Amino acid sequence: MEKVKKLDTLVIGSGPGGYVAAIRAAQLGQKVTLVERDYIGGVCLNVGCIPSKALIEASKRYANARAEDEMFGLEYHDVSLNWQKTQKWKQEQVVDTLVSGVKFLLDRHGVEIIRGEASFISTKEIQVAWEAENTHYTFNHCIIASGSHPLELKDFRLGERILDSSGVLDLQEIPQRIVFLGGGVIGVELAGLYSRLGSDVTIIEAGERILKNFSLDLVKLVIRQMKKDGVKIITQAQLKDMSAENHKLYLTYEKEGKSVNLISDYLALAIGRKPHTERLNLQAAGLETDSQGFIPVDHQGRTDTPHIFAIGDIVGGPALAHKASYQGKVAAAAISGDHAAAVDYRALPQVVYSQPEIAQVGFSSREAEKRGINVISSHFPLSANGRALSLNDTNGFIRIIADKENQTILGAEVAGPSASELIAILSLAVEGGLNVQDLALTIQAHPTISEGMIDAAEGILGHPIHMV
């Protein structure tokens with residue numbers, strides 16, 4: 001028999017958008033119920049960005065140990081990797097710890113968690129299916145944060161040897177050979193991971209280059225290092241055929257009209273993600289999606305049905321966890337009556353955990369000029385930075401892009417050690433509308449990579465200390 005319950009604020013999905021929205025809504029005095037059909041913490045925390053970064057870090061440490069870096073005077077002998085122990089550490093010490101933390105935070109903020117799959121019955125009602133039971137709920141407000149799932153190809157279905165990104169991260173053995181179809185962020189990060197572990201890695205990318213949404217100067221550094229590490233990068237190519245035999249895949253791709261064959265143990269699909277909206281019955285809630293399956297929203301995440309909001313991967317734009325969290329806070333505030341709450345993506349940082357790490361925020365010079373802004377930029381190489389030299393890691397740079405007229409910082413690009421951390425300071429500069437002088441006058445500790453930001457800023461001002 002179907003049960004009917006009344007809810008105040010309903011959140012569908014517990015990923016980085018959903019759980020953050022739920023907690024913020026509770027902090028603002030709302031009575032919050034969260035519905036989750038799968039992992040508490042979502043894809044990112046359980047089978048995506050968090051476990052991948054754990055394994056990427058492990059692979060970098062392993063590669064460094066194998067390098068027997070004579071410059072440091074280090075000598076290692078018989079370095080080996082117990083991959084099963086690495087996987088166990090990733091799961092138990094990293095993922096499980098963080099999942100427990102999310103559950104604790106939701107509980108402490110009084111967020112009710114309901115397990116099951118939600119689908120709309122009307123603009124004010126949902127049904128949650130869990131095992132053999134269907135429960136009927138009414139709600140006052142709803143935040144949809146159902147996330148996304150990897151795209152599949154009808155001719156190359158997932159299976160024992162064809163994996164999505166989650167399957168690649170869960171491999172219990174290091175493959176001898178692996179081919180990544182797609183040279184976006186996920187493909188590049190995971191290709192680098194397995195190449196450092198000793199796999200023979202190939203990337204097949206349909207476009208002109210990998211990491212198409214990143215500055216070419218950043219990407220060139222990544223390509224150079226990947227090729228040095230033995231990764232084969234094949235661009236402007238299409239996978240045409242595949243057969244499996246004796247635990248091997250026989251692949252055929254086409255490039256410039258010619259067919260090329262290769263053999264691999266696994267094929268990893270890294271061709272993008274699709275919004276997870278098919279089973280929500282959005283039409284019953286008065287909602288439509290665009291041609292790509294995304295839900296149109298306004299500056300607060302509000303849909304065409306005013307009391308229903310949507311955030312994260314289901315609303316388009318970069319599929320980034322931090323974007324979803326940010327949108328979740330805005331939506332929660334809007335529900336609580338904050339009419340000024342609005343999303344602003346000017347300072348949305350993007351990072352690739354490659355070797356070297358690369359990051360960017362705001363406008364590139366080219367993007368700014370397309371908008372009619374006359375720009376000036378300065379590029380500081382890490383080869384002139386004391387801390388980078390002491391780390392024996394000088395493959396990178398810091399670039400600042402500013403408005404030439406008023407020197408307002410419009411964007412930044414970073415490659416090198418801790419680029420993912422350094423971009424935070426530059427994101428703050430873009431968000432706050434700081435000018436180059438503000439950054440140049442900020443005292444940075446010595447020796448640090450962050451000193452390079454001062455050098456880049458002083459380069460725009462015309463009086464850099466550490467470059468000519």
# chains A, B, ... in the order shown; residues from 1 in each chain; ligands from 1
>>> residues_around(residues="Leu55 (chain A)", least_positions_apart="2", cutoff="8 Å", atoms="only C-alpha atoms", output="list in words")
Pro51, Ser52, Lys53, Glu57, Ala58, Ser59, Thr86, Gln87, Lys90, Leu169 and Leu193 of chain A
>>> residues_around(residues="Leu426 (chain A)", least_positions_apart="6", cutoff="10 Å", atoms="only C-alpha atoms", output="list in words")
Ala347, Pro349, Gln360, Val361, Gly362, Ile400, Ile409, Leu410, Gly411, Ala412, Glu413, Val414, Gly432, Leu434, Leu439 and Met453 of chain A
>>> closest_residue(among="A:Ile234, A:Ile56, A:Ile143, A:Val99", to="Ala324 (chain A)", atoms="only C-alpha atoms")
A:Ile143
>>> atom_distance(atom1="CA of Leu28 (chain A)", atom2="CA of Ser336 (chain A)")
6.7 Å
>>> residues_around(residues="Glu405 (chain A)", least_positions_apart="6", cutoff="10 Å", atoms="only C-alpha atoms", output="ChimeraX atom specification")
/A:373-376
>>> atom_distance(atom1="CA of Tyr62 (chain A)", atom2="CA of Gly396 (chain A)")
21.5 Å
>>> closest_atom_pairs(of="region 293-404 of chain A", to="region 259-274 of chain A", cutoff="12 Å", atoms="only C-alpha atoms", output="CSV")
residue,atom,partner,partner_atom,distance
A:Gly293,CA,A:Lys274,CA,7.5
A:Phe294,CA,A:Lys274,CA,8.7
A:Ile295,CA,A:Lys274,CA,11.9
A:Gly312,CA,A:Lys274,CA,11.7
A:Asp313,CA,A:Lys274,CA,8.1
A:Ile314,CA,A:Lys274,CA,8.0
A:Val315,CA,A:Lys274,CA,10.6
A:Gly316,CA,A:Lys274,CA,9.5
A:Gly317,CA,A:Arg273,CA,11.4
A:Pro318,CA,A:Arg273,CA,10.3
A:Ala319,CA,A:Arg273,CA,8.0
A:Leu320,CA,A:Arg273,CA,11.3
>>> closest_residue(among="A:Ala65, A:Leu181, A:Ala191, A:Cys142", to="Phe156 (chain A)", atoms="only C-alpha atoms")
A:Leu181
>>> closest_residue(among="A:Gly13, A:Gly230, A:Gly301, A:Gly167", to="Thr33 (chain A)", atoms="only C-alpha atoms")
A:Gly13
>>> residues_around(residues="Ala285 (chain A)", least_positions_apart="3", cutoff="10 Å", atoms="only C-alpha atoms", output="ChimeraX atom specification")
/A:119-126,280-282,288,304-305,308
>>> residues_around(residues="region 227-229 of chain A", least_positions_apart="4", cutoff="8 Å", atoms="only C-alpha atoms", output="VMD selection string")
chain A and resid 195 to 196 223 233
>>> write_last_selection(atoms="C-alpha atoms", output="PDB file, in the first residue's frame")
ATOM      1  CA  SER A 195      51.307   5.144 -17.751  1.00  0.00           C
ATOM      2  CA  ARG A 196      53.111   5.946 -14.496  1.00  0.00           C
ATOM      3  CA  ILE A 223      51.392  16.525 -24.110  1.00  0.00           C
ATOM      4  CA  ILE A 233      48.266  10.346 -28.354  1.00  0.00           C
TER       5      ILE A 233
END
>>> closest_residue(among="A:Phe363, A:Tyr326, A:Trp130, A:Phe380", to="Tyr19 (chain A)", atoms="only C-alpha atoms")
A:Tyr326
>>> select_by_dssp(residues="region 409-463 of chain A", states="strand (DSSP E)", output="VMD selection string")
chain A and resid 409 to 415
>>> write_last_selection(atoms="N, CA and C atoms", output="short mmCIF file (atom, residue, chain, number, x, y, z; two decimals), in the first residue's frame")
data_model
loop_
_atom_site.label_atom_id
_atom_site.label_comp_id
_atom_site.auth_asym_id
_atom_site.auth_seq_id
_atom_site.Cartn_x
_atom_site.Cartn_y
_atom_site.Cartn_z
N ILE A 409 42.39 42.18 -13.06
CA ILE A 409 42.76 40.80 -13.39
C ILE A 409 41.53 40.08 -13.95
N LEU A 410 41.66 39.58 -15.16
CA LEU A 410 40.56 38.92 -15.85
C LEU A 410 40.67 37.41 -15.84
N GLY A 411 41.88 36.90 -15.74
CA GLY A 411 42.07 35.46 -15.78
C GLY A 411 43.49 35.07 -15.45
N ALA A 412 43.70 33.76 -15.34
CA ALA A 412 45.04 33.27 -15.00
C ALA A 412 45.17 31.83 -15.46
N GLU A 413 46.42 31.43 -15.70
CA GLU A 413 46.75 30.06 -16.08
C GLU A 413 47.97 29.64 -15.27
N VAL A 414 47.93 28.41 -14.75
CA VAL A 414 49.03 27.90 -13.95
C VAL A 414 49.34 26.47 -14.38
N ALA A 415 50.62 26.18 -14.52
CA ALA A 415 51.08 24.81 -14.75
C ALA A 415 52.24 24.55 -13.81
#
>>> atom_distance(atom1="CA of Gln84 (chain A)", atom2="CA of Asp170 (chain A)")
10.2 Å
>>> residues_around(residues="Leu218 (chain A)", least_positions_apart="2", cutoff="12 Å", atoms="only C-alpha atoms", output="PyMOL selection string")
chain A and resi 210-216+220-225+350-352+354-360+364+379+395-399+412-416+419
>>> write_last_selection(atoms="N, CA and C atoms", output="CSV table (one decimal), in the first residue's frame")
chain,number,residue,atom,x,y,z
A,210,ILE,N,43.9,17.1,-27.5
A,210,ILE,CA,43.3,16.7,-26.2
A,210,ILE,C,43.1,18.0,-25.4
A,211,LEU,N,42.2,17.8,-24.4
A,211,LEU,CA,41.9,19.0,-23.5
A,211,LEU,C,41.6,20.2,-24.2
A,212,LYS,N,40.6,20.1,-25.1
A,212,LYS,CA,40.2,21.2,-26.0
A,212,LYS,C,39.7,22.5,-25.3
A,213,ASN,N,39.3,22.3,-24.0
A,213,ASN,CA,38.8,23.5,-23.3
A,213,ASN,C,39.8,24.2,-22.5
A,214,PHE,N,41.1,23.8,-22.6
A,214,PHE,CA,42.2,24.4,-21.8
A,214,PHE,C,43.1,25.1,-22.8
A,215,SER,N,43.7,26.1,-22.2
A,215,SER,CA,44.7,26.9,-22.9
A,215,SER,C,45.7,26.0,-23.6
A,216,LEU,N,46.0,26.3,-24.9
A,216,LEU,CA,47.0,25.5,-25.6
A,216,LEU,C,48.3,25.5,-25.0
A,220,LYS,N,50.2,22.0,-24.1
A,220,LYS,CA,51.4,21.6,-24.7
A,220,LYS,C,52.4,21.0,-23.7
A,221,LEU,N,52.4,21.5,-22.5
A,221,LEU,CA,53.2,21.0,-21.4
A,221,LEU,C,52.8,19.5,-21.0
A,222,VAL,N,51.5,19.3,-21.0
A,222,VAL,CA,51.0,18.0,-20.6
A,222,VAL,C,51.3,17.0,-21.7
A,223,ILE,N,51.1,17.4,-23.0
A,223,ILE,CA,51.4,16.5,-24.1
A,223,ILE,C,52.9,16.1,-24.1
A,224,ARG,N,53.7,17.1,-23.9
A,224,ARG,CA,55.2,16.8,-23.9
A,224,ARG,C,55.5,15.8,-22.9
A,225,GLN,N,55.0,16.0,-21.7
A,225,GLN,CA,55.3,15.0,-20.6
A,225,GLN,C,54.7,13.7,-20.8
A,350,GLN,N,39.2,25.6,-13.2
A,350,GLN,CA,39.2,24.3,-13.8
A,350,GLN,C,40.6,23.7,-13.7
A,351,VAL,N,40.7,22.5,-13.4
A,351,VAL,CA,42.0,21.8,-13.0
A,351,VAL,C,42.1,20.5,-13.8
A,352,VAL,N,43.3,20.2,-14.2
A,352,VAL,CA,43.6,18.8,-14.7
A,352,VAL,C,44.7,18.3,-13.8
A,354,SER,N,47.1,16.3,-14.1
A,354,SER,CA,48.0,15.6,-15.0
A,354,SER,C,49.4,15.8,-14.4
A,355,GLN,N,50.4,15.5,-15.3
A,355,GLN,CA,51.8,15.8,-14.9
A,355,GLN,C,52.4,16.7,-16.0
A,356,PRO,N,52.6,18.0,-15.8
A,356,PRO,CA,52.3,18.7,-14.6
A,356,PRO,C,50.8,19.0,-14.4
A,357,GLU,N,50.5,19.3,-13.2
A,357,GLU,CA,49.1,19.8,-13.0
A,357,GLU,C,48.9,21.1,-13.8
A,358,ILE,N,47.7,21.3,-14.3
A,358,ILE,CA,47.4,22.6,-15.0
A,358,ILE,C,46.1,23.1,-14.4
A,359,ALA,N,45.9,24.4,-14.4
A,359,ALA,CA,44.7,25.0,-13.9
A,359,ALA,C,44.5,26.4,-14.6
A,360,GLN,N,43.2,26.7,-14.8
A,360,GLN,CA,42.9,28.0,-15.3
A,360,GLN,C,41.7,28.6,-14.7
A,364,SER,N,40.8,33.7,-20.9
A,364,SER,CA,42.1,33.7,-21.5
A,364,SER,C,42.3,35.0,-22.3
A,379,HIS,N,53.9,36.2,-18.3
A,379,HIS,CA,54.1,34.8,-18.2
A,379,HIS,C,55.4,34.6,-17.4
A,395,ASN,N,58.8,22.3,-14.6
A,395,ASN,CA,58.0,22.2,-15.8
A,395,ASN,C,56.7,23.0,-15.6
A,396,GLY,N,56.7,24.3,-15.8
A,396,GLY,CA,55.4,25.0,-15.6
A,396,GLY,C,55.6,26.5,-15.7
A,397,PHE,N,54.5,27.2,-15.5
A,397,PHE,CA,54.5,28.7,-15.5
A,397,PHE,C,53.3,29.2,-14.8
A,398,ILE,N,53.3,30.5,-14.6
A,398,ILE,CA,52.2,31.3,-14.1
A,398,ILE,C,51.9,32.4,-15.0
A,399,ARG,N,50.7,32.5,-15.5
A,399,ARG,CA,50.3,33.6,-16.4
A,399,ARG,C,49.1,34.4,-15.8
A,412,ALA,N,43.7,33.8,-15.3
A,412,ALA,CA,45.0,33.3,-15.0
A,412,ALA,C,45.2,31.8,-15.5
A,413,GLU,N,46.4,31.4,-15.7
A,413,GLU,CA,46.8,30.1,-16.1
A,413,GLU,C,48.0,29.6,-15.3
A,414,VAL,N,47.9,28.4,-14.8
A,414,VAL,CA,49.0,27.9,-13.9
A,414,VAL,C,49.3,26.5,-14.4
A,415,ALA,N,50.6,26.2,-14.5
A,415,ALA,CA,51.1,24.8,-14.7
A,415,ALA,C,52.2,24.6,-13.8
A,416,GLY,N,52.3,23.4,-13.2
A,416,GLY,CA,53.4,23.0,-12.4
A,416,GLY,C,53.0,22.5,-11.0
A,419,ALA,N,49.5,23.4,-8.9
A,419,ALA,CA,48.7,24.3,-9.7
A,419,ALA,C,47.3,24.3,-9.2
>>> select_by_dssp(residues="region 165-373 of chain A", states="helix (DSSP H, G or I)", output="compact mmCIF listing (two decimals) with C-alpha atoms, in the first residue's frame")
# COMPACT_ATOMS: atom_id res chain seq x y z
CA SER A 165 35.89 5.74 -15.78
CA SER A 166 34.53 4.10 -12.62
CA GLY A 167 35.51 0.66 -13.90
CA VAL A 168 39.01 1.87 -14.75
CA LEU A 169 39.48 3.09 -11.18
CA VAL A 185 40.07 15.69 -18.51
CA ILE A 186 39.07 12.19 -17.38
CA GLY A 187 40.87 10.43 -20.21
CA VAL A 188 44.07 12.43 -19.74
CA GLU A 189 44.16 12.02 -15.96
CA LEU A 190 43.58 8.27 -16.05
CA ALA A 191 45.94 7.75 -18.99
CA GLY A 192 48.65 9.48 -16.98
CA LEU A 193 47.82 7.37 -13.94
CA TYR A 194 48.29 4.05 -15.72
CA SER A 195 51.31 5.14 -17.75
CA ARG A 196 53.11 5.95 -14.50
CA LEU A 216 46.97 25.51 -25.63
CA ASP A 217 50.08 26.64 -23.75
CA LEU A 218 49.00 24.58 -20.74
CA VAL A 219 48.12 21.57 -22.86
CA LYS A 220 51.45 21.61 -24.70
CA LEU A 221 53.25 20.96 -21.41
CA VAL A 222 50.97 18.02 -20.64
CA ILE A 223 51.39 16.53 -24.11
CA ARG A 224 55.16 16.84 -23.92
CA GLN A 225 55.31 15.04 -20.58
CA MET A 226 52.84 12.33 -21.61
CA LYS A 227 54.85 11.55 -24.72
CA LYS A 228 58.00 11.47 -22.61
CA GLU A 278 15.71 10.11 -17.92
CA ARG A 279 14.00 8.42 -14.98
CA LEU A 280 12.88 11.55 -13.14
CA LEU A 282 10.36 15.64 -15.49
CA GLN A 283 7.33 16.29 -17.69
CA ALA A 284 5.06 15.59 -14.72
CA ALA A 285 6.78 18.46 -12.92
CA GLY A 312 25.19 20.40 -11.10
CA ASP A 313 25.75 18.23 -14.13
CA ILE A 314 22.07 18.30 -15.14
CA VAL A 315 22.12 22.03 -16.01
CA ALA A 321 31.94 19.10 -8.42
CA HIS A 322 32.83 22.55 -7.10
CA LYS A 323 30.45 24.17 -9.57
CA ALA A 324 27.64 21.93 -8.30
CA SER A 325 28.41 22.76 -4.65
CA TYR A 326 28.40 26.47 -5.44
CA GLN A 327 25.09 26.20 -7.27
CA GLY A 328 23.65 24.22 -4.36
CA LYS A 329 24.39 27.03 -1.91
CA VAL A 330 22.81 29.59 -4.22
CA ALA A 331 19.67 27.49 -4.70
CA ALA A 332 19.30 26.92 -0.95
CA ALA A 333 19.64 30.65 -0.31
CA ALA A 334 17.09 31.47 -3.01
CA ILE A 335 14.57 29.10 -1.45
CA TYR A 345 30.98 31.76 -13.22
CA ARG A 346 33.66 34.38 -13.90
CA ALA A 347 35.91 32.83 -11.28
CA SER A 365 43.67 36.44 -23.62
CA ARG A 366 41.81 35.15 -26.65
CA GLU A 367 38.44 34.99 -24.88
CA ALA A 368 38.82 38.51 -23.51
CA GLU A 369 39.77 39.92 -26.90
CA LYS A 370 36.71 38.26 -28.46
>>> closest_residue(among="A:Arg161, A:Asn64, A:Leu106, A:Ile50", to="Glu245 (chain A)", atoms="only C-alpha atoms")
A:Arg161
>>> closest_residue(among="A:Thr9, A:Gln172, A:Thr408, A:Gln93", to="Glu431 (chain A)", atoms="only C-alpha atoms")
A:Thr408
>>> residues_around(residues="Gly101 (chain A)", least_positions_apart="6", cutoff="10 Å", atoms="only C-alpha atoms", output="MDAnalysis selection string")
chainID A and resid 41 95 107
>>> decode(residues="region 373-436 of chain A", atoms="C-alpha atoms", output="mmCIF file, in the first residue's frame")
data_model
loop_
_atom_site.group_PDB
_atom_site.id
_atom_site.type_symbol
_atom_site.label_atom_id
_atom_site.label_comp_id
_atom_site.auth_asym_id
_atom_site.auth_seq_id
_atom_site.Cartn_x
_atom_site.Cartn_y
_atom_site.Cartn_z
ATOM 1 C CA ILE A 373 38.664 43.854 -24.186
ATOM 2 C CA ASN A 374 42.187 45.081 -24.821
ATOM 3 C CA VAL A 375 44.355 42.811 -22.669
ATOM 4 C CA ILE A 376 47.872 42.579 -21.352
ATOM 5 C CA SER A 377 49.429 39.417 -19.944
ATOM 6 C CA SER A 378 52.623 38.275 -18.278
ATOM 7 C CA HIS A 379 54.117 34.800 -18.176
ATOM 8 C CA PHE A 380 56.537 33.755 -15.419
ATOM 9 C CA PRO A 381 58.418 30.452 -15.971
ATOM 10 C CA LEU A 382 58.897 28.215 -12.942
ATOM 11 C CA SER A 383 62.444 27.530 -14.113
ATOM 12 C CA ALA A 384 63.231 30.878 -12.453
ATOM 13 C CA ASN A 385 61.490 30.015 -9.172
ATOM 14 C CA GLY A 386 63.599 28.899 -6.212
ATOM 15 C CA ARG A 387 61.020 26.574 -4.707
ATOM 16 C CA ALA A 388 60.358 24.842 -8.034
ATOM 17 C CA LEU A 389 64.090 24.281 -8.457
ATOM 18 C CA SER A 390 64.375 22.848 -4.941
ATOM 19 C CA LEU A 391 61.534 20.451 -5.783
ATOM 20 C CA ASN A 392 63.272 19.529 -9.054
ATOM 21 C CA ASP A 393 59.952 20.325 -10.717
ATOM 22 C CA THR A 394 60.258 23.355 -12.976
ATOM 23 C CA ASN A 395 57.979 22.236 -15.801
ATOM 24 C CA GLY A 396 55.430 25.016 -15.629
ATOM 25 C CA PHE A 397 54.544 28.679 -15.535
ATOM 26 C CA ILE A 398 52.171 31.255 -14.062
ATOM 27 C CA ARG A 399 50.343 33.619 -16.393
ATOM 28 C CA ILE A 400 48.097 36.542 -15.476
ATOM 29 C CA ILE A 401 45.719 38.171 -17.950
ATOM 30 C CA ALA A 402 44.512 41.705 -17.215
ATOM 31 C CA ASP A 403 42.549 44.542 -18.765
ATOM 32 C CA LYS A 404 45.170 46.813 -20.317
ATOM 33 C CA GLU A 405 43.247 49.989 -19.468
ATOM 34 C CA ASN A 406 42.585 49.513 -15.754
ATOM 35 C CA GLN A 407 44.766 46.455 -15.009
ATOM 36 C CA THR A 408 41.850 44.482 -13.549
ATOM 37 C CA ILE A 409 42.757 40.796 -13.393
ATOM 38 C CA LEU A 410 40.556 38.924 -15.854
ATOM 39 C CA GLY A 411 42.067 35.457 -15.784
ATOM 40 C CA ALA A 412 45.038 33.266 -15.004
ATOM 41 C CA GLU A 413 46.754 30.060 -16.075
ATOM 42 C CA VAL A 414 49.034 27.897 -13.946
ATOM 43 C CA ALA A 415 51.080 24.810 -14.749
ATOM 44 C CA GLY A 416 53.390 23.025 -12.354
ATOM 45 C CA PRO A 417 53.588 21.823 -8.746
ATOM 46 C CA SER A 418 50.387 22.518 -6.789
ATOM 47 C CA ALA A 419 48.714 24.328 -9.686
ATOM 48 C CA SER A 420 45.416 23.056 -8.280
ATOM 49 C CA GLU A 421 46.103 24.973 -5.050
ATOM 50 C CA LEU A 422 47.650 28.104 -6.547
ATOM 51 C CA ILE A 423 44.639 28.710 -8.766
ATOM 52 C CA ALA A 424 42.580 29.431 -5.634
ATOM 53 C CA ILE A 425 44.436 32.700 -4.986
ATOM 54 C CA LEU A 426 44.048 33.755 -8.592
ATOM 55 C CA SER A 427 40.354 32.796 -8.525
ATOM 56 C CA LEU A 428 39.942 35.111 -5.548
ATOM 57 C CA ALA A 429 41.649 37.881 -7.524
ATOM 58 C CA VAL A 430 39.233 37.419 -10.434
ATOM 59 C CA GLU A 431 36.188 37.091 -8.159
ATOM 60 C CA GLY A 432 37.123 40.193 -6.175
ATOM 61 C CA GLY A 433 37.887 42.316 -9.212
ATOM 62 C CA LEU A 434 41.428 42.933 -7.962
ATOM 63 C CA ASN A 435 43.943 44.710 -10.130
ATOM 64 C CA VAL A 436 47.499 43.686 -10.849
#
